[in-house]
Structures are given as C-alpha cells and as structure tokens.
$ cat input.cif   # mmCIF, C-alpha atoms and all ligand atoms
data_run
#
loop_
_atom_site.label_atom_id
_atom_site.label_comp_id
_atom_site.auth_asym_id
_atom_site.auth_seq_id
_atom_site.Cartn_x
_atom_site.Cartn_y
_atom_site.Cartn_z
CA MET A 1 -20.84 -1.32 0.62
CA ALA A 2 -20.16 -4.78 -0.70
CA ASP A 3 -16.86 -6.50 -0.09
CA VAL A 4 -14.62 -6.82 -3.09
CA LEU A 5 -14.18 -10.52 -2.56
CA THR A 6 -17.03 -12.85 -3.41
CA LYS A 7 -17.85 -15.69 -1.07
CA GLU A 8 -16.16 -18.11 -3.40
CA GLN A 9 -12.98 -16.04 -3.60
CA ARG A 10 -12.87 -15.67 0.13
CA HIS A 11 -13.20 -19.39 0.57
CA ARG A 12 -10.39 -19.93 -1.89
CA ASN A 13 -8.21 -17.41 -0.09
CA MET A 14 -8.88 -19.00 3.26
CA ALA A 15 -7.82 -22.33 1.80
CA ALA A 16 -4.75 -20.70 0.32
CA ILE A 17 -3.50 -19.23 3.56
CA ARG A 18 -3.99 -22.47 5.38
CA GLY A 19 -1.73 -24.06 2.80
CA LYS A 20 -4.07 -26.88 1.86
CA GLY A 21 -4.12 -28.30 -1.65
CA THR A 22 -5.60 -25.34 -3.46
CA LYS A 23 -6.19 -25.25 -7.18
CA PRO A 24 -3.24 -23.01 -8.15
CA GLU A 25 -0.94 -25.22 -6.11
CA MET A 26 -2.30 -28.33 -7.84
CA LEU A 27 -1.50 -26.79 -11.23
CA VAL A 28 2.11 -26.34 -10.25
CA ARG A 29 2.38 -29.82 -8.78
CA LYS A 30 0.86 -31.49 -11.82
CA PHE A 31 3.13 -29.62 -14.18
CA LEU A 32 6.27 -30.41 -12.20
CA PHE A 33 5.32 -34.06 -11.82
CA SER A 34 4.64 -34.48 -15.54
CA HIS A 35 8.06 -32.97 -16.21
CA GLY A 36 9.80 -35.51 -14.04
CA PHE A 37 10.24 -33.45 -10.88
CA ARG A 38 9.65 -35.21 -7.60
CA TYR A 39 8.75 -33.28 -4.50
CA ARG A 40 7.40 -33.31 -1.00
CA LEU A 41 4.46 -31.31 0.22
CA ASN A 42 4.31 -28.96 3.22
CA HIS A 43 7.68 -29.92 4.59
CA PRO A 44 7.18 -29.63 8.36
CA ARG A 45 10.78 -28.80 9.21
CA LEU A 46 11.29 -25.91 6.85
CA PRO A 47 10.33 -22.33 7.73
CA GLY A 48 6.97 -21.33 6.32
CA HIS A 49 5.91 -24.90 5.53
CA PRO A 50 6.53 -24.51 1.80
CA ASP A 51 3.80 -25.86 -0.48
CA ILE A 52 6.25 -27.83 -2.59
CA VAL A 53 9.75 -28.93 -1.60
CA LEU A 54 12.28 -30.19 -4.12
CA ARG A 55 15.13 -31.61 -2.07
CA LYS A 56 17.32 -32.43 -5.02
CA TYR A 57 17.18 -28.76 -5.97
CA ARG A 58 17.25 -27.52 -2.39
CA THR A 59 14.31 -25.41 -3.39
CA ALA A 60 11.08 -24.51 -1.65
CA ILE A 61 8.15 -23.30 -3.70
CA PHE A 62 5.39 -21.14 -2.30
CA VAL A 63 2.19 -20.74 -4.25
CA ASN A 64 0.79 -17.53 -2.83
CA GLY A 65 -2.69 -16.09 -3.01
CA CYS A 66 -2.40 -12.47 -4.15
CA PHE A 67 -4.76 -11.19 -1.51
CA TRP A 68 -3.50 -12.87 1.64
CA HIS A 69 0.14 -12.45 0.83
CA GLY A 70 -0.31 -8.89 -0.41
CA HIS A 71 1.03 -9.13 -3.95
CA ASP A 72 2.45 -5.66 -4.73
CA ASN A 73 1.10 -3.88 -7.81
CA CYS A 74 -1.25 -6.75 -8.57
CA ARG A 75 -4.70 -6.10 -9.93
CA TYR A 76 -6.06 -9.05 -8.00
CA PHE A 77 -4.94 -7.54 -4.75
CA ARG A 78 -7.52 -5.03 -3.60
CA LEU A 79 -8.32 -4.32 0.01
CA PRO A 80 -11.96 -4.74 0.98
CA LYS A 81 -13.79 -1.40 1.19
CA THR A 82 -14.72 -1.94 4.81
CA ASN A 83 -12.39 -2.31 7.79
CA ILE A 84 -9.49 -1.17 5.64
CA ASP A 85 -7.29 -0.68 8.69
CA PHE A 86 -7.87 -4.21 9.88
CA TRP A 87 -7.13 -5.79 6.52
CA GLN A 88 -4.12 -3.61 5.89
CA LYS A 89 -2.54 -4.59 9.20
CA LYS A 90 -3.36 -8.23 8.73
CA ILE A 91 -1.85 -8.41 5.28
CA GLU A 92 1.20 -6.41 6.33
CA ARG A 93 1.76 -9.00 9.06
CA ASN A 94 1.48 -11.80 6.52
CA LYS A 95 3.99 -10.09 4.27
CA GLU A 96 6.44 -9.60 7.11
CA ARG A 97 6.11 -13.23 8.10
CA ASP A 98 6.72 -14.33 4.50
CA LYS A 99 9.84 -12.20 4.32
CA LYS A 100 11.17 -13.56 7.61
CA GLU A 101 10.61 -17.14 6.55
CA GLN A 102 12.31 -16.55 3.23
CA CYS A 103 15.33 -15.10 5.03
CA GLN A 104 15.46 -18.16 7.26
CA LEU A 105 15.34 -20.46 4.26
CA ALA A 106 18.11 -18.53 2.54
CA THR A 107 20.39 -18.72 5.58
CA MET A 108 19.77 -22.48 5.65
CA GLY A 109 21.08 -22.61 2.10
CA TRP A 110 17.71 -23.15 0.48
CA HIS A 111 16.40 -21.50 -2.63
CA TYR A 112 12.86 -20.31 -2.56
CA ILE A 113 10.52 -19.51 -5.39
CA THR A 114 7.27 -17.63 -4.98
CA ILE A 115 4.56 -18.19 -7.55
CA TRP A 116 1.64 -15.81 -7.35
CA GLU A 117 -1.89 -16.91 -8.00
CA CYS A 118 -2.21 -14.31 -10.77
CA GLN A 119 0.75 -15.87 -12.55
CA LEU A 120 -1.29 -19.03 -12.91
CA LYS A 121 -4.26 -17.45 -14.68
CA PRO A 122 -4.92 -19.31 -17.96
CA LYS A 123 -3.32 -16.69 -20.23
CA VAL A 124 0.03 -16.59 -18.45
CA ARG A 125 0.09 -20.02 -16.85
CA MET A 126 2.28 -21.82 -19.39
CA GLN A 127 4.82 -19.04 -19.43
CA THR A 128 5.02 -19.12 -15.62
CA LEU A 129 5.38 -22.87 -15.42
CA GLU A 130 7.97 -23.02 -18.15
CA SER A 131 10.03 -20.33 -16.50
CA LEU A 132 9.74 -22.25 -13.23
CA VAL A 133 11.28 -25.30 -14.86
CA TYR A 134 13.95 -23.11 -16.40
CA THR A 135 14.72 -21.62 -12.98
CA LEU A 136 14.91 -25.05 -11.36
CA ASN A 137 17.31 -26.33 -13.99
CA HIS A 138 19.41 -23.23 -13.52
CA ILE A 139 19.48 -23.74 -9.76
CA PHE A 140 20.51 -27.35 -10.26
CA LEU A 141 23.38 -26.38 -12.54
CA GLU A 142 24.55 -23.60 -10.25
CA ASP A 143 24.57 -25.93 -7.25
CA ARG A 144 26.58 -28.46 -9.20
CA LYS A 145 29.02 -25.77 -10.20
CA ILE A 146 29.59 -24.87 -6.56
CA LYS A 147 30.12 -28.51 -5.67
CA ALA A 148 32.55 -29.00 -8.55
CA TYR A 149 34.43 -25.93 -7.40
CA LYS A 150 34.71 -27.26 -3.87
CA ILE A 151 36.06 -30.60 -5.03
CA VAL A 152 38.69 -28.91 -7.15
CA GLU A 153 39.61 -26.68 -4.27
CA ASN A 154 40.37 -29.72 -2.14
CA TYR A 155 42.25 -31.25 -4.99
CA ASP A 156 44.31 -28.07 -5.32
CA SER A 157 45.63 -28.32 -1.80
CA LEU A 158 47.00 -31.76 -2.63
CA MET A 159 48.31 -30.98 -6.10
CA VAL A 160 49.90 -27.58 -5.73
CA ALA A 161 51.57 -27.45 -9.13
CA GLU A 162 48.27 -27.83 -11.02
CA SER A 163 46.21 -25.54 -8.83
CA GLU A 164 46.31 -22.32 -10.88
CA VAL A 165 45.02 -23.94 -14.04
CA ALA A 166 42.34 -25.99 -12.36
CA TYR A 167 41.11 -23.03 -10.39
CA GLY A 168 40.84 -20.75 -13.43
CA GLU A 169 39.00 -23.31 -15.52
CA THR A 170 36.35 -24.18 -13.02
CA ASN A 171 35.64 -20.56 -12.33
CA LYS A 172 34.52 -19.89 -15.89
ZN ZN A 201 -0.97 -11.18 -8.07
#

$ encode --input "input.cif" --output "structure tokens"
Amino acid sequence: MADVLTKEQRHRNMAAIRGKGTKPEMLVRKFLFSHGFRYRLNHPRLPGHPDIVLRKYRTAIFVNGCFWHGHDNCRYFRLPKTNIDFWQKKIERNKERDKKEQCQLATMGWHYITIWECQLKPKVRMQTLESLVYTLNHIFLEDRKIKAYKIVENYDSLMVAESEVAYGETNK
C-alpha cells in the first residue's frame, strides 16, 4: 500500500522538523517583517529552538508541520498506512517534547505561539497572520500592564496615603 505522504511532502516535513527555513515559516516571517516586527531566528538559548523569537514581546513562535508535530483533529495529519506503530510512537514523542519545551518557556516567563502548517494554507492564511499580529499586540499591552502595576506597587510603599487609589486604578 502506498504511503499517504508524497515524496515532496515528506521532504517538506523533514525540512520542517529540522527547523530550517521552510515555506510556511517564511510566510510568517515576511508578514511580521512587513508589519514592523523584528525578530531573531532559531534562538539557540531558548528551549525548542523556536523558529521566530520576538524579544520585545518575550514571545517565541513555532511554525509546526501538522504531520511531525501531530496536529490533533487536523485533516492534514494522517498516519502512513504502513508501520503505524512506529509512526505513532515517533509522533507521540515529538508531541511530548513540544509540550515539555513549551512548559520550560512558560516557566522562563516567555509566551509561545504555535502556528500550524494548515493554518497557513492560502484560504485561511490572512486570518491566521492577522490574528497573530493581534495576539502579539495583546501580549505587548499585557506585559506593559504588569510592568506599570509593579512600578505603582513600589510607589505605594513610599506614598502610603495614596496607595489605595493608585492600586485600584491600575488594576482596572
Ligand atoms: Zn494541521
């Protein structure tokens, strides 16, 4: 029985798991760059070597191939008909590794965003990329909010009389 993946797909997936500049990843990079975002690639010191790292946003972006990273409920993720056991185990391992790396990033105070290959298909691409920008802006604002809160908190300890008001306002 023939494998579900064509030679071309397999090649693309191999490139994807090695984290080289694959086409879906390029789409994301181009879009971000044209919208004024600046990033680093494959940051060596962060868990999982994220594809795109936005330091200003403390955010790591992973552009994941649906097959190798085992995208749940995805029509592009189908196990090959042969050696099912082998593939299942392999992809389960990849998924576990992804999860572990994401946990590590989170404990380091980093945000992470996973973009699946299927979310970059022509029909849904724009929607995905626009919501990515929306998410990044949201992250940026939230981080600023936390910083503002911390500054006020320090201020409170110096200016006791004003503390109640300042605290309530910044929390809104
Ligand atoms: Zn998918």

$ atom_distance --input "input.cif" --atom1 "atom CA of Glu117 of chain A" --atom2 "atom CA of Glu142 of chain A"
27.4 Å

$ closest_residue --input "input.cif" --among "A:Arg45, A:Arg55, A:Arg38, A:Arg78" --to "ligand ZN 201 (chain A)" --atoms "only C-alpha atoms and all ligand atoms"
A:Arg78

$ atom_distance --input "input.cif" --atom1 "atom CA of Arg29 of chain A" --atom2 "atom CA of His138 of chain A"
18.9 Å

$ residues_near_ligand --input "input.cif" --ligand "ligand ZN 201 (chain A)" --cutoff "10 Å" --atoms "all atoms listed in the file" --output "VMD selection string"
chain A and resid 64 to 67 69 to 77 115 to 121

$ axis_aligned_box --input "input.cif" --around "segment 75-94 of chain A" --padding-each-side "6 Å" --output "AutoDock Vina command-line options"
--center_x -6.5 --center_y -6.2 --center_z 0.0 --size_x 28.5 --size_y 23.1 --size_z 31.8

$ atom_distance --input "input.cif" --atom1 "atom CA of Leu141 of chain A" --atom2 "atom CA of Gly36 of chain A"
16.4 Å

$ decode --input "input.cif" --residues "segment 22-88 of chain A" --atoms "C-alpha atoms" --output "PDB file, in the first residue's frame"
ATOM      1  CA  THR A  22      10.638  26.157   5.362  1.00  0.00           C
ATOM      2  CA  LYS A  23       7.990  27.821   3.256  1.00  0.00           C
ATOM      3  CA  PRO A  24       5.293  28.176   5.947  1.00  0.00           C
ATOM      4  CA  GLU A  25       7.866  29.707   8.265  1.00  0.00           C
ATOM      5  CA  MET A  26       8.925  32.163   5.558  1.00  0.00           C
ATOM      6  CA  LEU A  27       5.318  33.292   5.157  1.00  0.00           C
ATOM      7  CA  VAL A  28       5.114  34.171   8.821  1.00  0.00           C
ATOM      8  CA  ARG A  29       8.468  35.924   8.826  1.00  0.00           C
ATOM      9  CA  LYS A  30       7.653  38.005   5.758  1.00  0.00           C
ATOM     10  CA  PHE A  31       4.310  39.052   7.165  1.00  0.00           C
ATOM     11  CA  LEU A  32       5.744  40.014  10.544  1.00  0.00           C
ATOM     12  CA  PHE A  33       8.630  41.914   8.971  1.00  0.00           C
ATOM     13  CA  SER A  34       6.340  43.882   6.661  1.00  0.00           C
ATOM     14  CA  HIS A  35       4.272  44.818   9.704  1.00  0.00           C
ATOM     15  CA  GLY A  36       7.255  46.239  11.518  1.00  0.00           C
ATOM     16  CA  PHE A  37       8.073  43.311  13.785  1.00  0.00           C
ATOM     17  CA  ARG A  38      11.725  42.488  14.260  1.00  0.00           C
ATOM     18  CA  TYR A  39      12.813  39.051  15.317  1.00  0.00           C
ATOM     19  CA  ARG A  40      15.586  36.539  15.668  1.00  0.00           C
ATOM     20  CA  LEU A  41      15.613  33.096  14.162  1.00  0.00           C
ATOM     21  CA  ASN A  42      16.223  29.776  15.930  1.00  0.00           C
ATOM     22  CA  HIS A  43      17.291  31.305  19.192  1.00  0.00           C
ATOM     23  CA  PRO A  44      19.898  28.835  20.478  1.00  0.00           C
ATOM     24  CA  ARG A  45      19.351  29.503  24.171  1.00  0.00           C
ATOM     25  CA  LEU A  46      15.625  29.005  24.307  1.00  0.00           C
ATOM     26  CA  PRO A  47      14.006  25.580  24.762  1.00  0.00           C
ATOM     27  CA  GLY A  48      12.890  24.054  21.494  1.00  0.00           C
ATOM     28  CA  HIS A  49      14.898  26.461  19.332  1.00  0.00           C
ATOM     29  CA  PRO A  50      11.840  28.491  18.344  1.00  0.00           C
ATOM     30  CA  ASP A  51      11.559  29.363  14.656  1.00  0.00           C
ATOM     31  CA  ILE A  52      10.948  33.038  15.362  1.00  0.00           C
ATOM     32  CA  VAL A  53      11.809  34.928  18.536  1.00  0.00           C
ATOM     33  CA  LEU A  54      10.416  38.369  19.314  1.00  0.00           C
ATOM     34  CA  ARG A  55      12.365  39.599  22.312  1.00  0.00           C
ATOM     35  CA  LYS A  56      10.427  42.798  22.717  1.00  0.00           C
ATOM     36  CA  TYR A  57       7.295  40.683  23.100  1.00  0.00           C
ATOM     37  CA  ARG A  58       9.034  37.921  25.034  1.00  0.00           C
ATOM     38  CA  THR A  59       7.390  35.601  22.591  1.00  0.00           C
ATOM     39  CA  ALA A  60       8.587  32.506  20.781  1.00  0.00           C
ATOM     40  CA  ILE A  61       6.782  31.382  17.654  1.00  0.00           C
ATOM     41  CA  PHE A  62       6.805  27.820  16.424  1.00  0.00           C
ATOM     42  CA  VAL A  63       5.668  27.071  12.904  1.00  0.00           C
ATOM     43  CA  ASN A  64       4.775  23.404  13.120  1.00  0.00           C
ATOM     44  CA  GLY A  65       4.262  20.848  10.400  1.00  0.00           C
ATOM     45  CA  CYS A  66       0.951  19.081  11.065  1.00  0.00           C
ATOM     46  CA  PHE A  67       2.396  15.648  10.491  1.00  0.00           C
ATOM     47  CA  TRP A  68       5.581  15.715  12.538  1.00  0.00           C
ATOM     48  CA  HIS A  69       4.105  17.582  15.431  1.00  0.00           C
ATOM     49  CA  GLY A  70       0.891  15.562  15.402  1.00  0.00           C
ATOM     50  CA  HIS A  71      -1.728  18.267  14.955  1.00  0.00           C
ATOM     51  CA  ASP A  72      -4.858  16.946  16.718  1.00  0.00           C
ATOM     52  CA  ASN A  73      -8.043  16.724  14.656  1.00  0.00           C
ATOM     53  CA  CYS A  74      -6.271  18.017  11.578  1.00  0.00           C
ATOM     54  CA  ARG A  75      -7.113  16.661   8.159  1.00  0.00           C
ATOM     55  CA  TYR A  76      -3.511  17.036   7.087  1.00  0.00           C
ATOM     56  CA  PHE A  77      -2.363  14.759   9.848  1.00  0.00           C
ATOM     57  CA  ARG A  78      -2.790  11.172   8.750  1.00  0.00           C
ATOM     58  CA  LEU A  79      -0.528   8.355   9.803  1.00  0.00           C
ATOM     59  CA  PRO A  80       1.060   6.400   6.979  1.00  0.00           C
ATOM     60  CA  LYS A  81      -0.721   3.100   6.324  1.00  0.00           C
ATOM     61  CA  THR A  82       2.414   1.075   6.961  1.00  0.00           C
ATOM     62  CA  ASN A  83       4.418   0.837  10.177  1.00  0.00           C
ATOM     63  CA  ILE A  84       1.615   2.569  12.038  1.00  0.00           C
ATOM     64  CA  ASP A  85       3.117   1.628  15.388  1.00  0.00           C
ATOM     65  CA  PHE A  86       6.448   3.175  14.520  1.00  0.00           C
ATOM     66  CA  TRP A  87       4.957   6.440  13.301  1.00  0.00           C
ATOM     67  CA  GLN A  88       2.535   6.684  16.173  1.00  0.00           C
TER      68      GLN A  88
END
